[in-house]
$ cat query-v6.cif   # mmCIF, C-alpha atoms
data_my_file
loop_
_atom_site.label_atom_id
_atom_site.label_comp_id
_atom_site.auth_asym_id
_atom_site.auth_seq_id
_atom_site.Cartn_x
_atom_site.Cartn_y
_atom_site.Cartn_z
CA MET A 298 68.32 143.36 116.14
CA LYS A 299 71.55 142.84 118.09
CA ILE A 300 71.34 139.66 120.17
CA CYS A 301 73.85 138.28 122.67
CA LEU A 302 73.76 134.54 123.34
CA LEU A 303 75.03 133.66 126.81
CA GLY A 304 76.17 130.17 127.83
CA GLN A 305 77.67 127.09 126.16
CA PHE A 306 78.76 127.57 122.54
CA PRO A 307 81.29 125.80 120.27
CA PRO A 308 84.06 124.73 120.70
CA HIS A 309 82.25 123.44 123.81
CA ILE A 310 80.61 120.07 123.17
CA GLY A 311 77.10 119.04 124.16
CA GLY A 312 73.42 119.58 123.53
CA VAL A 313 73.27 123.17 124.80
CA SER A 314 76.24 124.15 122.65
CA SER A 315 74.71 122.52 119.55
CA HIS A 316 71.38 124.20 120.20
CA SER A 317 73.02 127.62 120.66
CA TYR A 318 74.96 127.27 117.44
CA LEU A 319 71.86 126.31 115.43
CA LEU A 320 70.07 129.27 116.99
CA SER A 321 72.90 131.59 115.91
CA GLN A 322 72.47 130.35 112.32
CA LYS A 323 68.73 131.05 112.48
CA LEU A 324 69.39 134.59 113.75
CA ILE A 325 71.92 135.25 111.00
CA GLU A 326 69.43 134.02 108.38
CA ARG A 327 66.95 136.64 109.49
CA GLU A 328 69.76 139.26 109.43
CA ASP A 329 70.21 139.80 113.16
CA GLU A 330 73.65 140.65 114.55
CA VAL A 331 74.89 137.84 116.80
CA TYR A 332 77.24 138.19 119.75
CA VAL A 333 78.21 135.35 122.09
CA LEU A 334 79.59 135.24 125.62
CA THR A 335 80.64 131.74 126.61
CA TYR A 336 82.72 129.77 129.08
CA PRO A 337 86.50 129.50 128.60
CA HIS A 338 87.87 126.79 126.33
CA PRO A 339 91.50 126.09 125.31
CA LYS A 340 90.52 125.92 121.63
CA ILE A 341 88.28 128.97 121.50
CA HIS A 342 90.92 131.09 119.73
CA ASP A 343 91.55 128.30 117.20
CA THR A 344 87.86 127.96 116.32
CA THR A 345 86.70 129.56 113.09
CA TYR A 346 83.29 131.20 113.38
CA PRO A 347 81.17 132.69 110.59
CA ASP A 348 81.97 136.36 110.01
CA ASP A 349 78.51 137.27 111.32
CA ILE A 350 79.20 135.85 114.81
CA HIS A 351 81.34 137.66 117.37
CA VAL A 352 82.41 135.31 120.20
CA GLU A 353 83.96 136.31 123.54
CA SER A 354 84.67 134.33 126.70
CA VAL A 355 85.64 134.95 130.32
CA TRP A 356 87.96 133.08 132.64
CA THR A 357 86.60 130.68 135.25
CA PRO A 358 88.30 127.66 136.86
CA SER A 359 87.33 124.15 135.84
CA ILE A 360 86.54 123.23 139.44
CA LYS A 361 83.13 121.86 140.42
CA GLY A 362 81.37 124.31 142.72
CA LEU A 363 83.63 127.22 141.80
CA ARG A 364 83.18 127.24 138.02
CA GLY A 365 79.59 128.50 138.06
CA LEU A 366 80.12 130.91 140.96
CA ILE A 367 83.11 132.65 139.41
CA PHE A 368 81.43 132.68 135.98
CA LEU A 369 78.51 134.48 137.62
CA PHE A 370 80.76 137.41 138.55
CA SER A 371 83.20 137.42 135.63
CA ALA A 372 80.46 137.04 132.99
CA PHE A 373 78.32 139.72 134.68
CA PHE A 374 81.03 142.35 134.23
CA LYS A 375 81.94 141.13 130.74
CA LEU A 376 78.31 141.08 129.56
CA ASN A 377 77.76 144.51 131.08
CA SER A 378 80.66 145.77 128.95
CA MET A 379 79.43 144.02 125.79
CA VAL A 380 75.91 145.45 126.12
CA ARG A 381 77.35 148.96 126.33
CA ARG A 382 79.98 148.42 123.64
CA TYR A 383 77.75 146.81 121.02
CA ASP A 384 74.40 148.32 122.08
CA ILE A 385 72.84 144.86 122.47
CA ASP A 386 69.03 144.77 122.13
CA LEU A 387 68.32 141.38 123.67
CA ILE A 388 70.24 138.92 125.89
CA HIS A 389 69.37 135.25 125.35
CA ALA A 390 70.73 132.97 128.08
CA HIS A 391 70.92 129.20 127.81
CA PHE A 392 70.42 127.48 131.18
CA VAL A 393 68.81 129.26 134.11
CA LEU A 394 71.77 129.34 136.51
CA PRO A 395 74.11 131.07 136.21
CA PRO A 396 73.59 132.34 132.60
CA GLY A 397 69.93 133.25 133.07
CA LEU A 398 70.60 135.10 136.32
CA ILE A 399 73.47 137.03 134.71
CA GLY A 400 71.30 137.93 131.73
CA VAL A 401 68.40 139.17 133.87
CA LEU A 402 70.63 141.29 136.14
CA VAL A 403 72.46 142.91 133.22
CA GLY A 404 69.18 143.34 131.34
CA LYS A 405 67.66 145.21 134.28
CA LEU A 406 70.76 147.38 134.58
CA HIS A 407 70.50 148.51 130.95
CA ASN A 408 66.73 148.18 130.47
CA LYS A 409 67.22 145.46 127.83
CA LYS A 410 64.92 142.56 127.03
CA THR A 411 66.03 139.08 128.07
CA ALA A 412 65.22 135.49 127.14
CA VAL A 413 66.08 132.22 128.88
CA THR A 414 66.02 128.75 127.34
CA ILE A 415 65.53 125.93 129.87
CA HIS A 416 67.22 122.74 128.70
CA GLY A 417 66.20 120.26 131.43
CA SER A 418 68.59 119.69 134.31
CA ASP A 419 68.37 123.37 135.27
CA ILE A 420 64.72 122.83 136.22
CA PHE A 421 64.75 119.12 137.16
CA ILE A 422 68.02 119.00 139.14
CA GLN A 423 69.23 122.49 140.08
CA ALA A 424 65.79 123.80 141.02
CA ARG A 425 65.21 120.91 143.44
CA LYS A 426 67.53 122.65 145.93
CA PRO A 427 65.62 125.26 147.99
CA PHE A 428 68.02 128.20 147.51
CA LEU A 429 68.55 127.50 143.81
CA LYS A 430 64.79 127.11 143.38
CA GLN A 431 64.30 130.66 144.69
CA LEU A 432 66.97 131.97 142.30
CA THR A 433 65.36 130.04 139.44
CA ARG A 434 61.95 131.53 140.22
CA TYR A 435 63.50 135.02 140.37
CA VAL A 436 65.08 134.56 136.92
CA LEU A 437 61.91 133.20 135.35
CA LYS A 438 59.68 135.91 136.83
CA ASN A 439 62.00 138.67 135.63
CA THR A 440 62.86 137.55 132.11
CA ASP A 441 60.75 138.54 129.10
CA TYR A 442 60.75 135.21 127.23
CA ILE A 443 61.03 131.68 128.60
CA MET A 444 61.73 128.95 126.06
CA VAL A 445 61.34 125.30 127.03
CA VAL A 446 62.37 122.33 124.92
CA THR A 447 59.63 119.94 126.10
CA GLU A 448 56.03 120.05 127.28
CA THR A 449 57.15 118.38 130.54
CA ILE A 450 59.47 121.31 131.27
CA ARG A 451 56.71 123.78 130.45
CA LYS A 452 54.44 122.17 133.05
CA GLU A 453 57.24 122.30 135.62
CA VAL A 454 57.77 126.01 134.95
CA LEU A 455 54.06 126.75 135.33
CA LYS A 456 54.08 124.99 138.72
CA MET A 457 56.47 127.71 139.89
CA GLY A 458 53.80 130.35 139.37
CA ILE A 459 55.18 131.71 136.11
CA SER A 460 52.78 133.43 133.71
CA PRO A 461 51.99 131.01 130.84
CA GLU A 462 51.85 133.94 128.37
CA LYS A 463 55.64 134.22 128.34
CA VAL A 464 56.44 130.49 128.19
CA TYR A 465 57.09 129.14 124.69
CA LEU A 466 57.60 125.53 123.60
CA THR A 467 60.65 125.56 121.30
CA PRO A 468 61.99 122.01 120.76
CA ASN A 469 65.64 121.38 120.00
CA ALA A 470 66.68 121.03 116.38
CA VAL A 471 69.30 119.20 114.33
CA ASP A 472 71.31 120.11 111.25
CA ILE A 473 70.29 117.28 108.89
CA HIS A 474 72.96 118.29 106.39
CA LYS A 475 75.76 117.95 108.94
CA PHE A 476 74.27 114.78 110.44
CA ASN A 477 73.54 112.27 107.69
CA PRO A 478 74.13 108.54 107.02
CA ASN A 479 76.88 109.09 104.44
CA HIS A 480 79.83 110.07 106.65
CA GLN A 481 82.87 107.79 106.83
CA LEU A 482 84.40 106.82 110.17
CA PRO A 483 87.47 108.94 111.10
CA PRO A 484 90.72 106.99 110.51
CA ASP A 485 91.74 107.16 114.18
CA VAL A 486 88.54 105.37 115.28
CA VAL A 487 88.81 101.62 114.72
CA ILE A 488 85.83 99.30 115.16
CA ASP A 489 85.44 95.55 114.79
CA ASN A 490 83.46 95.08 111.58
CA HIS A 491 82.56 91.53 112.63
CA LYS A 492 80.57 92.75 115.64
CA PRO A 493 77.65 95.15 115.97
CA THR A 494 78.59 98.57 117.34
CA LEU A 495 76.77 100.30 120.18
CA LEU A 496 77.38 103.98 120.72
CA PHE A 497 76.95 106.41 123.62
CA VAL A 498 77.52 110.14 123.09
CA GLY A 499 77.32 112.57 125.98
CA ASN A 500 78.89 114.04 129.06
CA LEU A 501 80.12 111.53 131.63
CA VAL A 502 77.97 112.79 134.49
CA ASN A 503 75.56 111.02 136.82
CA GLN A 504 72.34 112.00 135.03
CA LYS A 505 73.49 110.34 131.81
CA GLY A 506 73.31 106.90 133.49
CA VAL A 507 76.43 105.46 131.83
CA LYS A 508 77.06 103.16 134.80
CA TYR A 509 73.77 101.43 133.98
CA LEU A 510 74.82 101.09 130.34
CA LEU A 511 78.07 99.39 131.40
CA GLU A 512 76.15 97.01 133.62
CA ALA A 513 73.77 96.31 130.72
CA LYS A 514 76.76 95.65 128.45
CA LYS A 515 77.96 93.03 130.93
CA GLN A 516 74.55 91.31 130.77
CA LEU A 517 74.23 91.32 126.96
CA GLU A 518 73.78 87.98 125.22
CA SER A 519 74.97 89.55 121.95
CA ASP A 520 78.69 90.01 121.34
CA ALA A 521 78.81 93.74 120.64
CA GLU A 522 81.34 96.54 120.88
CA LEU A 523 80.48 99.68 122.87
CA LEU A 524 81.98 103.06 121.98
CA ILE A 525 81.69 105.80 124.58
CA VAL A 526 82.19 109.32 123.24
CA GLY A 527 82.44 112.04 125.85
CA ASP A 528 84.28 113.31 128.88
CA GLY A 529 83.40 114.47 132.35
CA PRO A 530 83.91 114.07 136.10
CA LEU A 531 82.92 110.37 136.11
CA LYS A 532 85.38 109.30 133.42
CA GLU A 533 87.90 107.57 135.71
CA GLU A 534 85.17 105.89 137.75
CA LEU A 535 83.48 104.56 134.60
CA GLU A 536 86.77 103.39 133.09
CA LEU A 537 87.41 101.46 136.29
CA GLN A 538 83.92 99.92 136.13
CA ALA A 539 84.53 98.90 132.50
CA LYS A 540 87.91 97.34 133.22
CA ASP A 541 86.48 93.80 133.38
CA ILE A 542 83.83 94.28 130.67
CA SER A 543 84.95 93.21 127.21
CA GLY A 544 84.48 95.40 124.14
CA VAL A 545 84.19 98.83 125.78
CA ILE A 546 86.18 101.67 124.18
CA PHE A 547 86.36 105.20 125.59
CA LEU A 548 87.02 107.71 122.79
CA GLY A 549 86.98 110.87 124.92
CA ALA A 550 85.43 114.14 123.80
CA ARG A 551 85.19 114.46 120.01
CA ARG A 552 84.27 117.29 117.69
CA ASP A 553 83.51 114.93 114.80
CA VAL A 554 80.64 112.85 116.19
CA GLU A 555 78.76 113.32 112.91
CA ARG A 556 81.41 111.05 111.35
CA ILE A 557 81.18 108.42 114.10
CA ILE A 558 77.42 108.02 114.57
CA PRO A 559 76.60 106.55 111.10
CA SER A 560 78.94 103.58 111.72
CA ALA A 561 76.98 102.50 114.81
CA ASP A 562 74.21 99.93 114.73
CA LEU A 563 72.45 101.47 117.72
CA LEU A 564 72.77 104.63 119.77
CA ILE A 565 72.14 104.04 123.47
CA LEU A 566 70.96 106.82 125.79
CA PRO A 567 70.65 105.40 129.34
CA SER A 568 69.87 108.72 131.09
CA ILE A 569 68.10 109.01 134.42
CA SER A 570 67.25 112.66 133.67
CA GLU A 571 66.94 114.53 130.36
CA GLY A 572 65.42 117.57 128.77
CA PHE A 573 65.19 117.14 125.00
CA PRO A 574 68.39 115.28 124.02
CA ILE A 575 69.88 116.57 120.79
CA THR A 576 72.02 113.41 120.62
CA LEU A 577 68.89 111.44 119.75
CA LEU A 578 68.04 113.83 116.92
CA GLU A 579 71.61 113.60 115.63
CA SER A 580 71.48 109.81 115.73
CA LEU A 581 68.18 109.62 113.86
CA ALA A 582 69.36 112.16 111.29
CA SER A 583 72.37 109.85 110.79
CA GLY A 584 70.08 106.88 110.17
CA VAL A 585 70.84 105.09 113.46
CA PRO A 586 68.00 103.61 115.59
CA VAL A 587 68.09 104.16 119.34
CA VAL A 588 67.52 102.45 122.65
CA ALA A 589 66.79 105.04 125.32
CA THR A 590 65.20 105.51 128.72
CA ARG A 591 61.74 106.91 129.35
CA VAL A 592 62.74 110.34 130.66
CA GLY A 593 62.07 113.95 129.66
CA GLY A 594 61.62 114.63 125.97
CA VAL A 595 62.83 111.15 124.97
CA ARG A 596 59.21 110.06 124.99
CA ASP A 597 58.39 112.74 122.42
CA ILE A 598 61.10 111.60 120.01
CA VAL A 599 61.51 107.83 120.28
CA LYS A 600 58.50 105.99 118.92
CA LYS A 601 58.35 102.24 118.34
CA GLU A 602 59.02 102.75 114.62
CA ILE A 603 62.58 104.01 115.24
CA GLY A 604 63.71 102.54 118.57
CA LEU A 605 62.92 101.10 121.95
CA VAL A 606 62.37 102.85 125.29
CA VAL A 607 62.85 101.32 128.75
CA GLU A 608 62.64 102.55 132.32
CA PRO A 609 65.72 104.40 133.66
CA ALA A 610 68.26 102.82 136.06
CA ASP A 611 67.31 99.30 134.91
CA PRO A 612 70.34 97.55 133.32
CA LYS A 613 68.43 94.31 132.74
CA ALA A 614 65.67 96.04 130.74
CA LEU A 615 68.30 98.00 128.84
CA SER A 616 70.29 94.90 127.91
CA GLU A 617 67.14 93.05 126.84
CA ALA A 618 66.08 95.94 124.57
CA ILE A 619 69.54 96.09 123.00
CA ASP A 620 69.55 92.30 122.46
CA THR A 621 66.09 92.48 120.90
CA LEU A 622 67.32 94.79 118.16
CA LEU A 623 70.73 93.19 117.68
CA LYS A 624 69.17 89.76 117.21
CA ASN A 625 66.49 91.03 114.80
CA ASN A 626 68.32 92.47 111.80
CA LYS A 627 65.09 92.88 109.81
CA LEU A 628 63.46 95.00 112.52
CA ARG A 629 66.59 97.08 113.04
CA LEU A 630 66.98 97.77 109.33
CA GLU A 631 63.31 98.75 109.06
CA MET A 632 63.84 101.21 111.90
CA LYS A 633 66.99 102.51 110.22
CA GLY A 634 65.01 103.30 107.08
CA ARG A 635 62.54 105.44 109.04
CA CYS A 636 65.02 107.41 111.16
CA ARG A 637 65.60 110.43 108.89
CA GLU A 638 61.89 110.97 108.35
CA ALA A 639 61.36 111.06 112.13
CA VAL A 640 63.42 114.27 112.55
CA LEU A 641 62.06 116.34 109.66
CA ASN A 642 59.97 118.35 112.11
CA TYR A 643 63.10 119.21 114.12
CA THR A 644 65.27 120.97 111.55
CA SER A 645 64.84 124.59 112.64
CA VAL A 646 64.91 126.44 115.97
CA LYS A 647 61.69 128.35 116.65
CA LEU A 648 61.87 131.81 118.22
CA PRO A 649 59.23 133.93 119.99
CA TYR A 650 61.10 137.23 119.61
#

$ encode --input "query-v6.cif" --output "structure tokens"
Amino acid sequence: MKICLLGQFPPHIGGVSSHSYLLSQKLIEREDEVYVLTYPHPKIHDTTYPDDIHVESVWTPSIKGLRGLIFLFSAFFKLNSMVRRYDIDLIHAHFVLPPGLIGVLVGKLHNKKTAVTIHGSDIFIQARKPFLKQLTRYVLKNTDYIMVVTETIRKEVLKMGISPEKVYLTPNAVDIHKFNPNHQLPPDVVIDNHKPTLLFVGNLVNQKGVKYLLEAKKQLESDAELLIVGDGPLKEELELQAKDISGVIFLGARRDVERIIPSADLLILPSISEGFPITLLESLASGVPVVATRVGGVRDIVKKEIGLVVEPADPKALSEAIDTLLKNNKLRLEMKGRCREAVLNYTSVKLPY
């Protein structure tokens, strides 16, 4: 079968991109032909893909509000061309708007099957706006397969009147060979070996709750270093907030997080909204316990054996949980020893088609 994946894909960084890439590997294993249409990226022509994956992109400006709108039109025409050129059998979009809408429209035009994977914020944030909710419902009613990464998302989809027969629970997965405890820290990343290291990995956007993590860092009793890996629209604001907080280092966006995570003592995910965060799976596969907030699929992953969970938007609770594990080396090391085992059920992407 010839399948076109539509949405974030490497060299883009983030959970959706990681998920899409793992999915492409699964499709190749079962001898499907894989095509990808993704957003523009300055390094896309320098990225080496497996011979079995054909990747194309379209131009869209990196301007909030315009990026998605222009991608809607540019990707529609590009995907339309790719479906004709390669005789695509199925379009699999990642994120409802705009990729899912583009996929459904092009699928109808060519009488092709379509699939949409919902990753979280597309149903919990985008679909809260009345107009976008109507577009979301249109996409979900007109696609052939709906994949959701958590049971919570599945329930939200069913509330929209979508037939349960076409909704499939397909949790995110992690490459446990790529993410493992044995990687050495990259030479350009310097940490203080006399202090414990806290790590955040993710986009610097409101739903990731990094401002609460910085406030929690200020309240910590333990003298720890905090590494923040990621980029986004809130970067300058967060750097300003961190100006008077000791031991905070912004590393920017990185493509080698698998080499950074194992050197951390704890991964912190302070999100106020999540789907099924791949970062947590990557951390556990790397042997690093976590402190996270009780949102989305976090509750499905983080059990007391491998980390602590607190309520979102509560810096005091977050700092207390971090201190609990930093002060109790025995407990933290016990958690560390159980991390890899906790992700063994999340090593392969499941597909309904």

$ resolve_selection --input "query-v6.cif" --expression "the PyMOL selection byres ((chain A and resi 574-581) around 8)" --output "PDB file with C-alpha atoms, in the coordinates of the input"
ATOM      1  CA  GLY A 312      73.420 119.580 123.530  1.00  0.00           C
ATOM      2  CA  SER A 315      74.710 122.520 119.550  1.00  0.00           C
ATOM      3  CA  HIS A 316      71.380 124.200 120.200  1.00  0.00           C
ATOM      4  CA  ASN A 469      65.640 121.380 120.000  1.00  0.00           C
ATOM      5  CA  ALA A 470      66.680 121.030 116.380  1.00  0.00           C
ATOM      6  CA  VAL A 471      69.300 119.200 114.330  1.00  0.00           C
ATOM      7  CA  ASP A 472      71.310 120.110 111.250  1.00  0.00           C
ATOM      8  CA  ILE A 473      70.290 117.280 108.890  1.00  0.00           C
ATOM      9  CA  PHE A 476      74.270 114.780 110.440  1.00  0.00           C
ATOM     10  CA  VAL A 498      77.520 110.140 123.090  1.00  0.00           C
ATOM     11  CA  GLY A 499      77.320 112.570 125.980  1.00  0.00           C
ATOM     12  CA  GLU A 555      78.760 113.320 112.910  1.00  0.00           C
ATOM     13  CA  ILE A 558      77.420 108.020 114.570  1.00  0.00           C
ATOM     14  CA  PRO A 559      76.600 106.550 111.100  1.00  0.00           C
ATOM     15  CA  LEU A 564      72.770 104.630 119.770  1.00  0.00           C
ATOM     16  CA  LEU A 566      70.960 106.820 125.790  1.00  0.00           C
ATOM     17  CA  GLU A 571      66.940 114.530 130.360  1.00  0.00           C
ATOM     18  CA  GLY A 572      65.420 117.570 128.770  1.00  0.00           C
ATOM     19  CA  PHE A 573      65.190 117.140 125.000  1.00  0.00           C
ATOM     20  CA  ALA A 582      69.360 112.160 111.290  1.00  0.00           C
ATOM     21  CA  SER A 583      72.370 109.850 110.790  1.00  0.00           C
ATOM     22  CA  GLY A 584      70.080 106.880 110.170  1.00  0.00           C
ATOM     23  CA  VAL A 585      70.840 105.090 113.460  1.00  0.00           C
ATOM     24  CA  PRO A 586      68.000 103.610 115.590  1.00  0.00           C
ATOM     25  CA  VAL A 587      68.090 104.160 119.340  1.00  0.00           C
ATOM     26  CA  GLY A 594      61.620 114.630 125.970  1.00  0.00           C
ATOM     27  CA  VAL A 595      62.830 111.150 124.970  1.00  0.00           C
ATOM     28  CA  ILE A 598      61.100 111.600 120.010  1.00  0.00           C
ATOM     29  CA  CYS A 636      65.020 107.410 111.160  1.00  0.00           C
ATOM     30  CA  ARG A 637      65.600 110.430 108.890  1.00  0.00           C
ATOM     31  CA  ALA A 639      61.360 111.060 112.130  1.00  0.00           C
ATOM     32  CA  VAL A 640      63.420 114.270 112.550  1.00  0.00           C
ATOM     33  CA  TYR A 643      63.100 119.210 114.120  1.00  0.00           C
TER      34      TYR A 643
END

$ closest_residue --input "query-v6.cif" --among "A:Cys301, A:Ile422, A:Leu535, A:Val599" --to "A:Leu394" --atoms "all atoms listed in the file"
A:Ile422

$ atom_distance --input "query-v6.cif" --atom1 "atom CA of A:Leu511" --atom2 "atom CA of A:Gln538"
7.5 Å

$ resolve_selection --input "query-v6.cif" --expression "the PyMOL selection byres ((chain A and resi 359) around 12)" --output "list of chain:residue names"
A:Tyr336, A:Pro337, A:His338, A:Pro339, A:Trp356, A:Thr357, A:Pro358, A:Ile360, A:Lys361, A:Gly362, A:Leu363, A:Arg364, A:Gly365, A:Leu366, A:Ile367, A:Phe368, A:Gly529, A:Pro530

$ atom_distance --input "query-v6.cif" --atom1 "atom CA of A:Ile603" --atom2 "atom CA of A:Thr467"
22.5 Å

$ atom_distance --input "query-v6.cif" --atom1 "atom CA of A:Ala521" --atom2 "atom CA of A:Glu602"
22.6 Å

$ closest_residue --input "query-v6.cif" --among "A:Pro307, A:Tyr383, A:Leu429, A:Glu617" --to "A:Tyr346" --atoms "only C-alpha atoms"
A:Pro307

$ closest_residue --input "query-v6.cif" --among "A:Leu537, A:Ile385, A:Leu648, A:Ile557" --to "A:Val445" --atoms "all atoms listed in the file"
A:Leu648

$ closest_residue --input "query-v6.cif" --among "A:Arg635, A:Ser418, A:Gly397, A:Lys456" --to "A:Tyr435" --atoms "only C-alpha atoms"
A:Gly397

$ residues_around --input "query-v6.cif" --residues "A:Thr494" --least-positions-apart "2" --cutoff "6 Å" --atoms "only C-alpha atoms" --output "PyMOL selection string"
chain A and resi 521-523+561-562

$ write_last_selection --input "query-v6.cif" --atoms "C-alpha atoms" --output "CSV table (one decimal), in the coordinates of the input"
chain,number,residue,atom,x,y,z
A,521,ALA,CA,78.8,93.7,120.6
A,522,GLU,CA,81.3,96.5,120.9
A,523,LEU,CA,80.5,99.7,122.9
A,561,ALA,CA,77.0,102.5,114.8
A,562,ASP,CA,74.2,99.9,114.7

$ residues_near_point --input "query-v6.cif" --point "(85.8, 110.1, 107.6)" --cutoff "12 Å" --atoms "all atoms listed in the file" --output "NGL selection string"
:A and (478-487 or 553-560)
